[in-house]
Amino acid sequence: MSSFGRVAALVVALALAVTGCQTEIRHTKIRKSRVTPSPHVTWTSRVRPVELEGRPVAGDRKLDTRSAKPGDLTEKELFGDGTLRSLSGSLTYRRVEQHLTSFCRDAVWGVERALLDADCEQVARAVYLSDDRRYQALAAVIDVRDRNAAERLRAALDGRAGFLSPMRGTRFHHAVRWDRARVTGVGHYVTVTWLQPVDAARTSPDGAAEFARNAPRDPWTRVLRARY
């Protein structure tokens, strides 16, 4: 082979090598992009209460179906002046975060299918802190098709598959030694009240009794019934 032929072969070989490296780099970048976590998934997105109690969704002739609903709930209706009293009346809770969305799946993890089947229209969530800074609480209301759909969704939330997601930036603990939530509802609404100590290491000798004293009052049912 002439010297010119050897040089030409060397140029072709180098070109193929460079092309192969570029292909591998592009392929590697694509593979990495496929496994990059979504920016909407945070460390708080899969927190679940340690203790959970459920009560069947209550019937209400005016609220049992969404067909009679005169429009979406507003932030002013739902969140009011931003304060709640505890069930015992001894604590005051002040709202530190609120969120109202029609993108229901963004507000839960693990029970997205149940929300889809229930024809969810709105999810409202608010986080409160007690004045003594011992407790934080998440209160939520979920608007679905009718009472039967609400009861099925309540049962799904009572299961172990998933739960509500605290809003981004809200620090609900992953591994507390005690916290408790109640899932219930009225008509075509499911309501959730979740109480957690600010100190993740705190224990409670009787979680049900502590919840009964110190959880914030349900802010939703009075508002929902007042609309009709």
# chains A, B, ... in the order shown; residues from 1 in each chain; ligands from 1
call {"tool": "select_by_dssp", "arguments": {"residues": "stretch 45-197 of chain A", "states": "helix (DSSP H, G or I)", "output": "PyMOL selection string"}}
result
chain A and resi 66-68+75-79+104-107+112-117+147-158
call {"tool": "select_by_dssp", "arguments": {"residues": "stretch 68-215 of chain A", "states": "strand (DSSP E)", "output": "count of residues only"}}
result
51
call {"tool": "atom_distance", "arguments": {"atom1": "atom CA of A:Leu63", "atom2": "atom CA of A:Leu115"}}
result
18.4 Å
call {"tool": "closest_residue", "arguments": {"among": "A:Trp194, A:Trp109, A:Tyr93, A:Tyr135", "to": "A:Asp81", "atoms": "only C-alpha atoms"}}
result
A:Tyr93
call {"tool": "atom_distance", "arguments": {"atom1": "atom CA of A:Asp143", "atom2": "atom CA of A:Leu116"}}
result
11.7 Å
call {"tool": "residues_around", "arguments": {"residues": "A:Ala201", "least_positions_apart": "6", "cutoff": "10 Å", "atoms": "only C-alpha atoms", "output": "JSON list (two decimals) with C-alpha atoms, in the first residue's frame"}}
result
[["chain", "number", "residue", "atom", "x", "y", "z"],
["A", 175, "ALA", "CA", -39.65, 8.57, 60.69],
["A", 176, "VAL", "CA", -41.37, 9.97, 63.76],
["A", 177, "ARG", "CA", -42.01, 7.87, 66.85],
["A", 178, "TRP", "CA", -45.60, 9.08, 67.00]]
call {"tool": "closest_residue", "arguments": {"among": "A:Thr83, A:Thr221, A:Gln196, A:Ser165", "to": "A:Val141", "atoms": "only C-alpha atoms"}}
result
A:Thr221
call {"tool": "atom_distance", "arguments": {"atom1": "atom CA of A:Gly110", "atom2": "atom CA of A:Ile142"}}
result
15.6 Å
call {"tool": "closest_residue", "arguments": {"among": "A:Leu78, A:Val47, A:Val127, A:Leu91", "to": "A:Arg227", "atoms": "only C-alpha atoms"}}
result
A:Leu78
call {"tool": "closest_residue", "arguments": {"among": "A:Ala208, A:Ala58, A:Ala200, A:Val144", "to": "A:Arg180", "atoms": "only C-alpha atoms"}}
result
A:Ala208
call {"tool": "closest_residue", "arguments": {"among": "A:Met167, A:Ala118, A:Ala137, A:Leu73", "to": "A:Phe211", "atoms": "only C-alpha atoms"}}
result
A:Ala137
call {"tool": "residues_around", "arguments": {"residues": "A:Gly187", "least_positions_apart": "5", "cutoff": "12 Å", "atoms": "only C-alpha atoms", "output": "compact mmCIF listing (two decimals) with all heavy atoms, in the first residue's frame"}}
result
# COMPACT_ATOMS: atom_id res chain seq x y z
N PRO A 56 -66.28 6.22 58.30
CA PRO A 56 -67.03 6.28 57.04
C PRO A 56 -67.47 7.70 56.71
O PRO A 56 -67.75 8.51 57.59
CB PRO A 56 -68.23 5.36 57.31
CG PRO A 56 -67.77 4.44 58.39
CD PRO A 56 -66.83 5.24 59.25
N VAL A 57 -67.52 7.99 55.43
CA VAL A 57 -67.97 9.30 54.97
C VAL A 57 -69.43 9.48 55.35
O VAL A 57 -70.27 8.62 55.08
CB VAL A 57 -67.79 9.43 53.45
CG1 VAL A 57 -68.38 10.72 52.93
CG2 VAL A 57 -66.31 9.33 53.09
N ALA A 58 -69.75 10.59 56.00
CA ALA A 58 -71.13 10.85 56.45
C ALA A 58 -72.02 11.26 55.28
O ALA A 58 -71.57 11.95 54.36
CB ALA A 58 -71.12 11.95 57.52
N GLY A 59 -73.25 10.83 55.33
CA GLY A 59 -74.20 11.24 54.31
C GLY A 59 -74.78 12.62 54.61
O GLY A 59 -74.90 13.03 55.76
N ASP A 60 -75.09 13.34 53.55
CA ASP A 60 -75.73 14.65 53.67
C ASP A 60 -76.52 14.87 52.38
O ASP A 60 -75.94 14.90 51.30
CB ASP A 60 -74.68 15.74 53.86
CG ASP A 60 -75.29 17.10 54.15
OD1 ASP A 60 -76.03 17.61 53.27
OD2 ASP A 60 -75.04 17.67 55.22
N ARG A 61 -77.81 15.01 52.50
CA ARG A 61 -78.67 15.06 51.31
C ARG A 61 -78.21 16.14 50.33
O ARG A 61 -78.23 15.94 49.12
CB ARG A 61 -80.12 15.33 51.74
CG ARG A 61 -81.12 15.34 50.59
CD ARG A 61 -82.53 15.55 51.12
NE ARG A 61 -82.64 16.78 51.89
CZ ARG A 61 -82.83 17.99 51.33
NH1 ARG A 61 -82.91 18.11 50.01
NH2 ARG A 61 -82.91 19.06 52.08
N LYS A 62 -77.75 17.26 50.82
CA LYS A 62 -77.33 18.35 49.94
C LYS A 62 -75.95 18.13 49.34
O LYS A 62 -75.62 18.73 48.32
CB LYS A 62 -77.34 19.66 50.71
CG LYS A 62 -78.72 20.11 51.15
CD LYS A 62 -78.63 21.43 51.91
CE LYS A 62 -80.01 21.91 52.35
NZ LYS A 62 -79.92 23.20 53.09
N LEU A 63 -75.15 17.29 50.01
CA LEU A 63 -73.76 17.16 49.60
C LEU A 63 -73.41 15.80 48.99
O LEU A 63 -72.26 15.59 48.61
CB LEU A 63 -72.83 17.39 50.79
CG LEU A 63 -72.85 18.77 51.44
CD1 LEU A 63 -71.94 18.79 52.66
CD2 LEU A 63 -72.41 19.83 50.45
N ASP A 64 -74.38 14.90 48.89
CA ASP A 64 -74.05 13.54 48.48
C ASP A 64 -73.61 13.42 47.03
O ASP A 64 -72.94 12.45 46.66
CB ASP A 64 -75.25 12.60 48.73
CG ASP A 64 -75.29 12.12 50.18
OD1 ASP A 64 -74.31 12.36 50.91
OD2 ASP A 64 -76.29 11.49 50.57
N THR A 65 -74.00 14.34 46.16
CA THR A 65 -73.55 14.32 44.77
C THR A 65 -73.03 15.70 44.38
O THR A 65 -73.52 16.72 44.86
CB THR A 65 -74.69 13.93 43.80
OG1 THR A 65 -75.73 14.89 43.90
CG2 THR A 65 -75.23 12.55 44.11
N ARG A 66 -72.07 15.71 43.48
CA ARG A 66 -71.47 16.95 43.06
C ARG A 66 -72.35 17.71 42.08
O ARG A 66 -72.13 18.89 41.82
CB ARG A 66 -70.11 16.68 42.42
CG ARG A 66 -69.25 17.93 42.26
CD ARG A 66 -67.81 17.59 41.96
NE ARG A 66 -67.67 16.81 40.75
CZ ARG A 66 -66.61 16.05 40.47
NH1 ARG A 66 -65.62 15.97 41.33
NH2 ARG A 66 -66.55 15.37 39.36
N SER A 67 -73.36 17.09 41.52
CA SER A 67 -74.20 17.74 40.52
C SER A 67 -74.87 19.00 41.05
O SER A 67 -75.17 19.92 40.30
CB SER A 67 -75.27 16.77 40.01
OG SER A 67 -76.08 16.32 41.08
N ALA A 68 -75.09 19.05 42.38
CA ALA A 68 -75.76 20.22 42.96
C ALA A 68 -74.77 21.31 43.37
O ALA A 68 -75.17 22.35 43.86
CB ALA A 68 -76.58 19.79 44.18
N LYS A 69 -73.47 21.06 43.16
CA LYS A 69 -72.45 22.00 43.63
C LYS A 69 -72.47 23.29 42.81
O LYS A 69 -72.39 23.25 41.59
CB LYS A 69 -71.07 21.34 43.56
CG LYS A 69 -69.96 22.16 44.15
CD LYS A 69 -68.68 21.34 44.29
CE LYS A 69 -68.14 20.94 42.94
NZ LYS A 69 -67.61 22.11 42.19
N VAL A 141 -59.02 18.68 52.17
CA VAL A 141 -60.34 18.28 51.71
C VAL A 141 -60.23 17.96 50.23
O VAL A 141 -59.58 18.68 49.47
CB VAL A 141 -61.41 19.38 51.98
CG1 VAL A 141 -61.08 20.67 51.27
CG2 VAL A 141 -62.80 18.87 51.59
N ILE A 142 -60.85 16.85 49.83
CA ILE A 142 -60.78 16.36 48.45
C ILE A 142 -62.20 16.29 47.90
O ILE A 142 -63.09 15.67 48.50
CB ILE A 142 -60.13 14.97 48.39
CG1 ILE A 142 -58.76 15.00 49.09
CG2 ILE A 142 -59.98 14.51 46.95
CD1 ILE A 142 -58.13 13.62 49.26
N ASP A 143 -62.42 16.91 46.76
CA ASP A 143 -63.74 16.99 46.12
C ASP A 143 -63.83 15.93 45.03
O ASP A 143 -63.07 15.97 44.06
CB ASP A 143 -63.89 18.41 45.53
CG ASP A 143 -65.22 18.62 44.81
OD1 ASP A 143 -65.99 17.66 44.67
OD2 ASP A 143 -65.47 19.75 44.39
N VAL A 144 -64.75 14.96 45.20
CA VAL A 144 -64.91 13.90 44.21
C VAL A 144 -66.37 13.84 43.72
O VAL A 144 -67.16 14.72 44.02
CB VAL A 144 -64.45 12.53 44.77
CG1 VAL A 144 -62.97 12.57 45.12
CG2 VAL A 144 -65.26 12.12 45.99
N ARG A 145 -66.70 12.79 42.96
CA ARG A 145 -67.96 12.75 42.23
C ARG A 145 -69.20 12.66 43.13
O ARG A 145 -70.17 13.39 42.96
CB ARG A 145 -67.95 11.55 41.26
CG ARG A 145 -69.19 11.38 40.42
CD ARG A 145 -69.02 10.24 39.43
NE ARG A 145 -68.62 8.99 40.07
CZ ARG A 145 -67.40 8.45 39.99
NH1 ARG A 145 -66.43 9.05 39.32
NH2 ARG A 145 -67.13 7.31 40.59
N ASP A 146 -69.19 11.74 44.08
CA ASP A 146 -70.36 11.53 44.93
C ASP A 146 -69.91 10.82 46.21
O ASP A 146 -68.72 10.54 46.40
CB ASP A 146 -71.45 10.72 44.21
CG ASP A 146 -70.97 9.39 43.66
OD1 ASP A 146 -70.06 8.78 44.26
OD2 ASP A 146 -71.49 8.95 42.62
N ARG A 147 -70.89 10.56 47.07
CA ARG A 147 -70.55 9.97 48.38
C ARG A 147 -69.92 8.59 48.23
O ARG A 147 -68.99 8.24 48.97
CB ARG A 147 -71.81 9.89 49.24
CG ARG A 147 -71.55 9.31 50.63
CD ARG A 147 -72.85 9.12 51.38
NE ARG A 147 -72.65 8.40 52.63
CZ ARG A 147 -73.63 7.90 53.35
NH1 ARG A 147 -74.89 8.06 52.94
NH2 ARG A 147 -73.39 7.25 54.47
N ASN A 148 -70.42 7.76 47.30
CA ASN A 148 -69.85 6.43 47.11
C ASN A 148 -68.38 6.51 46.68
O ASN A 148 -67.53 5.76 47.17
CB ASN A 148 -70.66 5.65 46.08
CG ASN A 148 -72.04 5.27 46.58
OD1 ASN A 148 -72.25 5.13 47.79
ND2 ASN A 148 -72.99 5.09 45.67
N ALA A 149 -68.08 7.44 45.77
CA ALA A 149 -66.70 7.63 45.34
C ALA A 149 -65.85 8.12 46.50
O ALA A 149 -64.69 7.72 46.65
CB ALA A 149 -66.66 8.61 44.17
N ALA A 150 -66.42 9.00 47.32
CA ALA A 150 -65.68 9.50 48.48
C ALA A 150 -65.34 8.39 49.46
O ALA A 150 -64.23 8.32 50.00
CB ALA A 150 -66.49 10.59 49.18
N GLU A 151 -66.29 7.48 49.68
CA GLU A 151 -66.04 6.37 50.61
C GLU A 151 -64.97 5.43 50.07
O GLU A 151 -64.11 4.95 50.82
CB GLU A 151 -67.34 5.62 50.88
CG GLU A 151 -67.20 4.40 51.78
CD GLU A 151 -66.62 4.72 53.16
OE1 GLU A 151 -66.72 5.87 53.63
OE2 GLU A 151 -66.03 3.80 53.76
N ARG A 154 -61.70 7.21 50.57
CA ARG A 154 -61.33 7.18 51.99
C ARG A 154 -60.71 5.83 52.35
O ARG A 154 -59.69 5.77 53.04
CB ARG A 154 -62.55 7.43 52.88
CG ARG A 154 -62.22 7.45 54.37
CD ARG A 154 -63.45 7.20 55.22
NE ARG A 154 -63.99 5.87 55.02
CZ ARG A 154 -63.50 4.77 55.57
NH1 ARG A 154 -62.43 4.80 56.34
NH2 ARG A 154 -64.07 3.60 55.34
N TRP A 220 -63.39 22.13 57.57
CA TRP A 220 -64.03 22.00 56.26
C TRP A 220 -65.55 21.85 56.30
O TRP A 220 -66.26 22.47 55.51
CB TRP A 220 -63.44 20.82 55.51
CG TRP A 220 -61.95 20.75 55.52
CD1 TRP A 220 -61.16 19.79 56.09
CD2 TRP A 220 -61.03 21.68 54.93
NE1 TRP A 220 -59.84 20.07 55.89
CE2 TRP A 220 -59.73 21.22 55.17
CE3 TRP A 220 -61.21 22.87 54.21
CZ2 TRP A 220 -58.60 21.90 54.73
CZ3 TRP A 220 -60.08 23.55 53.77
CH2 TRP A 220 -58.80 23.06 54.03
N THR A 221 -66.06 20.97 57.18
CA THR A 221 -67.47 20.58 57.09
C THR A 221 -68.42 21.77 57.20
O THR A 221 -69.39 21.89 56.43
CB THR A 221 -67.80 19.54 58.18
OG1 THR A 221 -66.93 18.41 58.01
CG2 THR A 221 -69.24 19.09 58.08
N LEU A 224 -68.38 23.62 53.91
CA LEU A 224 -69.04 22.89 52.82
C LEU A 224 -70.55 22.98 52.93
O LEU A 224 -71.25 23.21 51.94
CB LEU A 224 -68.57 21.43 52.83
CG LEU A 224 -67.06 21.19 52.68
CD1 LEU A 224 -66.73 19.72 52.80
CD2 LEU A 224 -66.55 21.77 51.38
N ARG A 225 -71.06 22.77 54.13
CA ARG A 225 -72.52 22.83 54.32
C ARG A 225 -73.09 24.22 54.16
O ARG A 225 -74.24 24.39 53.77
CB ARG A 225 -72.88 22.25 55.69
CG ARG A 225 -72.71 20.73 55.75
CD ARG A 225 -72.99 20.17 57.12
NE ARG A 225 -73.05 18.72 57.08
CZ ARG A 225 -72.78 17.93 58.12
NH1 ARG A 225 -72.46 18.48 59.29
NH2 ARG A 225 -72.83 16.63 58.01
call {"tool": "closest_residue", "arguments": {"among": "A:Leu100, A:Leu87, A:Val50, A:Val198", "to": "A:Phe172", "atoms": "only C-alpha atoms"}}
result
A:Val198
call {"tool": "residues_around", "arguments": {"residues": "A:Ala126", "least_positions_apart": "2", "cutoff": "7 Å", "atoms": "only C-alpha atoms", "output": "list of chain:residue names"}}
result
A:Arg95, A:Glu97, A:Gln98, A:His99, A:Ala124, A:Tyr128, A:Leu138, A:Ala139, A:Ala140
call {"tool": "decode", "arguments": {"residues": "stretch 134-215 of chain A", "atoms": "C-alpha atoms", "output": "mmCIF file, in the first residue's frame"}}
result
data_model
loop_
_atom_site.group_PDB
_atom_site.id
_atom_site.type_symbol
_atom_site.label_atom_id
_atom_site.label_comp_id
_atom_site.auth_asym_id
_atom_site.auth_seq_id
_atom_site.Cartn_x
_atom_site.Cartn_y
_atom_site.Cartn_z
ATOM 1 C CA ARG A 134 -45.156 21.607 69.716
ATOM 2 C CA TYR A 135 -47.392 20.405 66.861
ATOM 3 C CA GLN A 136 -47.775 20.784 63.137
ATOM 4 C CA ALA A 137 -50.946 19.690 61.368
ATOM 5 C CA LEU A 138 -52.006 19.069 57.794
ATOM 6 C CA ALA A 139 -55.698 19.560 56.999
ATOM 7 C CA ALA A 140 -57.046 18.592 53.576
ATOM 8 C CA VAL A 141 -60.342 18.281 51.713
ATOM 9 C CA ILE A 142 -60.785 16.359 48.453
ATOM 10 C CA ASP A 143 -63.736 16.995 46.123
ATOM 11 C CA VAL A 144 -64.912 13.895 44.211
ATOM 12 C CA ARG A 145 -67.965 12.749 42.228
ATOM 13 C CA ASP A 146 -70.356 11.528 44.935
ATOM 14 C CA ARG A 147 -70.553 9.973 48.377
ATOM 15 C CA ASN A 148 -69.848 6.433 47.112
ATOM 16 C CA ALA A 149 -66.703 7.626 45.338
ATOM 17 C CA ALA A 150 -65.682 9.505 48.480
ATOM 18 C CA GLU A 151 -66.045 6.374 50.609
ATOM 19 C CA ARG A 152 -63.935 4.323 48.186
ATOM 20 C CA LEU A 153 -61.244 6.995 48.180
ATOM 21 C CA ARG A 154 -61.329 7.182 51.994
ATOM 22 C CA ALA A 155 -60.773 3.420 52.134
ATOM 23 C CA ALA A 156 -57.828 3.742 49.731
ATOM 24 C CA LEU A 157 -56.236 6.427 51.923
ATOM 25 C CA ASP A 158 -56.826 4.209 54.981
ATOM 26 C CA GLY A 159 -54.871 1.411 53.286
ATOM 27 C CA ARG A 160 -51.093 1.149 53.116
ATOM 28 C CA ALA A 161 -50.635 1.928 49.413
ATOM 29 C CA GLY A 162 -50.189 5.690 49.689
ATOM 30 C CA PHE A 163 -51.385 8.937 51.234
ATOM 31 C CA LEU A 164 -51.478 12.702 50.821
ATOM 32 C CA SER A 165 -48.262 14.528 49.993
ATOM 33 C CA PRO A 166 -47.376 17.542 52.143
ATOM 34 C CA MET A 167 -46.758 20.617 50.021
ATOM 35 C CA ARG A 168 -43.272 21.198 48.679
ATOM 36 C CA GLY A 169 -41.163 22.957 51.277
ATOM 37 C CA THR A 170 -43.212 21.633 54.207
ATOM 38 C CA ARG A 171 -41.082 19.470 56.476
ATOM 39 C CA PHE A 172 -43.238 16.563 57.595
ATOM 40 C CA HIS A 173 -40.988 13.915 59.130
ATOM 41 C CA HIS A 174 -40.398 10.530 57.528
ATOM 42 C CA ALA A 175 -39.654 8.569 60.691
ATOM 43 C CA VAL A 176 -41.366 9.971 63.756
ATOM 44 C CA ARG A 177 -42.009 7.870 66.849
ATOM 45 C CA TRP A 178 -45.599 9.085 67.004
ATOM 46 C CA ASP A 179 -48.085 10.893 64.799
ATOM 47 C CA ARG A 180 -51.703 10.309 63.839
ATOM 48 C CA ALA A 181 -54.179 11.111 61.079
ATOM 49 C CA ARG A 182 -57.953 10.834 60.712
ATOM 50 C CA VAL A 183 -59.581 10.259 57.317
ATOM 51 C CA THR A 184 -63.319 10.811 57.045
ATOM 52 C CA GLY A 185 -65.660 13.038 55.054
ATOM 53 C CA VAL A 186 -69.122 14.330 54.303
ATOM 54 C CA GLY A 187 -71.078 13.845 51.095
ATOM 55 C CA HIS A 188 -68.798 13.975 48.066
ATOM 56 C CA TYR A 189 -65.879 15.338 50.087
ATOM 57 C CA VAL A 190 -63.098 13.398 51.831
ATOM 58 C CA THR A 191 -61.405 15.192 54.734
ATOM 59 C CA VAL A 192 -58.043 14.523 56.373
ATOM 60 C CA THR A 193 -56.558 15.840 59.629
ATOM 61 C CA TRP A 194 -52.946 14.835 60.303
ATOM 62 C CA LEU A 195 -51.206 15.779 63.565
ATOM 63 C CA GLN A 196 -47.454 15.432 64.022
ATOM 64 C CA PRO A 197 -45.116 16.606 66.811
ATOM 65 C CA VAL A 198 -42.508 19.101 65.670
ATOM 66 C CA ASP A 199 -39.948 17.070 67.630
ATOM 67 C CA ALA A 200 -39.651 13.843 65.629
ATOM 68 C CA ALA A 201 -38.237 11.948 68.646
ATOM 69 C CA ARG A 202 -41.300 12.587 70.827
ATOM 70 C CA THR A 203 -43.399 9.622 71.891
ATOM 71 C CA SER A 204 -46.996 9.442 73.090
ATOM 72 C CA PRO A 205 -48.261 6.841 75.591
ATOM 73 C CA ASP A 206 -51.760 7.126 74.123
ATOM 74 C CA GLY A 207 -51.776 8.534 70.620
ATOM 75 C CA ALA A 208 -55.555 8.490 70.262
ATOM 76 C CA ALA A 209 -56.053 10.548 73.425
ATOM 77 C CA GLU A 210 -53.395 13.079 72.448
ATOM 78 C CA PHE A 211 -54.939 13.445 69.002
ATOM 79 C CA ALA A 212 -58.389 13.928 70.527
ATOM 80 C CA ARG A 213 -57.092 16.765 72.707
ATOM 81 C CA ASN A 214 -54.651 18.546 70.457
ATOM 82 C CA ALA A 215 -55.597 18.026 66.804
#
